[in-house]
Amino acid sequence: MTDTRTRIASDLERSFSAQGFAEQGVEALRAGADVSLRTLYKHFPSREAMIVGALEHRDRAYFDWLAGGPQDGVDHVLHPLVRLGDWLAEVANTGCLFLNAWAEYPDSQAIAATVIDHKARLADEFRLRLDRVAPGRDTGHLAETLFLLHEGMTQAARLQGREKATEAALRAARAALLAEGIC
């Protein structure tokens, strides 16, 4: 992405995260990005393209957020859940921006594809981490469980609070890992 396009995508992502997808008109999005209408449409020629651009920006930001952490053991596997707890405290606690977008635009193939790709990459993150700490073992079902805990934690944080949701997800994840002999 060009610097201007990246900056606009970042501003769109912040706007959609803060105010949702239905509330803001293009003029408000343009003003939030501090660009001309022509520049906005040059980089994102439709509302759908603006949403996809914002989601793609969020995807990159979130995977940068998850990077690193402990390199082995249970803490390596649990790192995405720990970082999600941090994300919910420091960045956003308004539910999943991806699923919110898809709910607002269920007929958009472009938005659906972006959401599905993001979620598949996130599920794969757990599989890759499990492969590192339990090489050669079939841990696909466990990766699915951890992904489900991640998604549930995102939603539960809105209802129960971030701390309670994080503690519950980590407790369940540790129990699932222990049940599979990964400790």
# chains A, B, ... in the order shown; residues from 1 in each chain; ligands from 1

call {"tool": "select_by_dssp", "arguments": {"residues": "region 96-169 of chain A", "states": "alpha helix (DSSP H)", "output": "ChimeraX atom specification"}}
result
/A:97-104,109-133,140-160,162-169

call {"tool": "closest_atom_pairs", "arguments": {"of": "region 80-99 of chain A", "to": "region 157-181 of chain A", "cutoff": "8 Å", "atoms": "only C-alpha atoms", "output": "Markdown table"}}
result
| residue | atom | partner | partner_atom | distance |
| --- | --- | --- | --- | --- |
| A:Leu81 | CA | A:Leu170 | CA | 6.9 |
| A:Val82 | CA | A:Thr166 | CA | 7.4 |
| A:Gly85 | CA | A:Thr166 | CA | 5.7 |
| A:Leu88 | CA | A:Arg162 | CA | 6.5 |
| A:Ala89 | CA | A:Arg162 | CA | 6.9 |
| A:Asn93 | CA | A:Arg158 | CA | 6.5 |
| A:Thr94 | CA | A:Arg158 | CA | 6.6 |
| A:Gly95 | CA | A:Arg158 | CA | 6.6 |

call {"tool": "write_last_selection", "arguments": {"atoms": "N, CA, C and O atoms", "output": "PDB file, in the first residue's frame"}}
result
ATOM      1  N   LEU A  81      -3.818 -15.501  22.932  1.00  0.00           N
ATOM      2  CA  LEU A  81      -4.887 -15.172  23.882  1.00  0.00           C
ATOM      3  C   LEU A  81      -4.445 -14.082  24.857  1.00  0.00           C
ATOM      4  O   LEU A  81      -5.228 -13.173  25.172  1.00  0.00           O
ATOM      5  N   VAL A  82      -3.212 -14.163  25.308  1.00  0.00           N
ATOM      6  CA  VAL A  82      -2.671 -13.118  26.192  1.00  0.00           C
ATOM      7  C   VAL A  82      -2.666 -11.776  25.461  1.00  0.00           C
ATOM      8  O   VAL A  82      -3.112 -10.757  25.996  1.00  0.00           O
ATOM      9  N   GLY A  85      -6.033 -10.234  25.114  1.00  0.00           N
ATOM     10  CA  GLY A  85      -6.394  -9.526  26.342  1.00  0.00           C
ATOM     11  C   GLY A  85      -5.795  -8.133  26.378  1.00  0.00           C
ATOM     12  O   GLY A  85      -6.462  -7.166  26.757  1.00  0.00           O
ATOM     13  N   LEU A  88      -7.664  -5.926  23.831  1.00  0.00           N
ATOM     14  CA  LEU A  88      -8.962  -5.497  24.344  1.00  0.00           C
ATOM     15  C   LEU A  88      -8.823  -4.382  25.377  1.00  0.00           C
ATOM     16  O   LEU A  88      -9.717  -3.554  25.522  1.00  0.00           O
ATOM     17  N   ALA A  89      -7.707  -4.344  26.071  1.00  0.00           N
ATOM     18  CA  ALA A  89      -7.462  -3.289  27.057  1.00  0.00           C
ATOM     19  C   ALA A  89      -6.925  -2.020  26.413  1.00  0.00           C
ATOM     20  O   ALA A  89      -7.302  -0.913  26.800  1.00  0.00           O
ATOM     21  N   ASN A  93     -12.291  -2.683  22.399  1.00  0.00           N
ATOM     22  CA  ASN A  93     -13.118  -3.662  23.087  1.00  0.00           C
ATOM     23  C   ASN A  93     -14.568  -3.470  22.632  1.00  0.00           C
ATOM     24  O   ASN A  93     -15.468  -3.278  23.424  1.00  0.00           O
ATOM     25  N   THR A  94     -14.746  -3.522  21.332  1.00  0.00           N
ATOM     26  CA  THR A  94     -16.074  -3.313  20.743  1.00  0.00           C
ATOM     27  C   THR A  94     -16.535  -4.527  19.948  1.00  0.00           C
ATOM     28  O   THR A  94     -17.303  -4.399  19.004  1.00  0.00           O
ATOM     29  N   GLY A  95     -16.043  -5.693  20.314  1.00  0.00           N
ATOM     30  CA  GLY A  95     -16.362  -6.886  19.551  1.00  0.00           C
ATOM     31  C   GLY A  95     -15.426  -7.010  18.368  1.00  0.00           C
ATOM     32  O   GLY A  95     -14.482  -6.244  18.209  1.00  0.00           O
TER      33      GLY A  95
END

call {"tool": "closest_residue", "arguments": {"among": "A:Cys96, A:Ala123, A:Ala156, A:Ala110", "to": "Thr139 (chain A)", "atoms": "only C-alpha atoms"}}
result
A:Ala123

call {"tool": "closest_residue", "arguments": {"among": "A:Leu97, A:Ala9, A:Leu55, A:Ala112", "to": "Thr154 (chain A)", "atoms": "only C-alpha atoms"}}
result
A:Leu97

call {"tool": "residues_around", "arguments": {"residues": "Ala120 (chain A)", "least_positions_apart": "5", "cutoff": "12 Å", "atoms": "only C-alpha atoms", "output": "list in words"}}
result
Asp59, Ala113, Thr114, Val115, Glu125, Phe126, Arg127, Ala143, Glu144, Phe147 and Leu148 of chain A

call {"tool": "write_last_selection", "arguments": {"atoms": "C-alpha atoms", "output": "short mmCIF file (atom, residue, chain, number, x, y, z; two decimals), in the first residue's frame"}}
result
data_model
loop_
_atom_site.label_atom_id
_atom_site.label_comp_id
_atom_site.auth_asym_id
_atom_site.auth_seq_id
_atom_site.Cartn_x
_atom_site.Cartn_y
_atom_site.Cartn_z
CA ASP A 59 -5.59 -7.64 9.85
CA ALA A 113 -13.76 -13.08 1.68
CA THR A 114 -11.72 -10.65 3.79
CA VAL A 115 -13.32 -11.88 7.01
CA GLU A 125 -1.73 -19.18 13.97
CA PHE A 126 -2.82 -21.58 16.72
CA ARG A 127 -2.01 -24.60 14.56
CA ALA A 143 -6.11 -25.49 17.35
CA GLU A 144 -9.84 -25.25 16.58
CA PHE A 147 -9.44 -20.41 17.97
CA LEU A 148 -12.95 -20.80 19.39
#

call {"tool": "atom_distance", "arguments": {"atom1": "CA of Ile111 (chain A)", "atom2": "CA of His141 (chain A)"}}
result
27.1 Å

call {"tool": "closest_residue", "arguments": {"among": "A:Thr2, A:Ser10, A:Asn100, A:Ser108", "to": "Ala33 (chain A)", "atoms": "only C-alpha atoms"}}
result
A:Ser10

call {"tool": "residues_around", "arguments": {"residues": "region 41-48 of chain A", "least_positions_apart": "4", "cutoff": "7 Å", "atoms": "only C-alpha atoms", "output": "list in words"}}
result
Arg5, Leu37 and Val52 of chain A

call {"tool": "atom_distance", "arguments": {"atom1": "CA of His76 (chain A)", "atom2": "CA of Arg129 (chain A)"}}
result
6.6 Å

call {"tool": "atom_distance", "arguments": {"atom1": "CA of His57 (chain A)", "atom2": "CA of Arg38 (chain A)"}}
result
20.7 Å

call {"tool": "closest_residue", "arguments": {"among": "A:Val26, A:Leu66, A:Ala92, A:Leu149", "to": "Arg121 (chain A)", "atoms": "only C-alpha atoms"}}
result
A:Leu66

call {"tool": "residues_around", "arguments": {"residues": "region 13-15 of chain A", "least_positions_apart": "2", "cutoff": "9 Å", "atoms": "only C-alpha atoms", "output": "PyMOL selection string"}}
result
chain A and resi 8-11+17-21+24+28-29+32-33+50-51+53-58+97

call {"tool": "closest_residue", "arguments": {"among": "A:Phe16, A:Ile182, A:Arg30, A:Leu40", "to": "Asp75 (chain A)", "atoms": "only C-alpha atoms"}}
result
A:Ile182
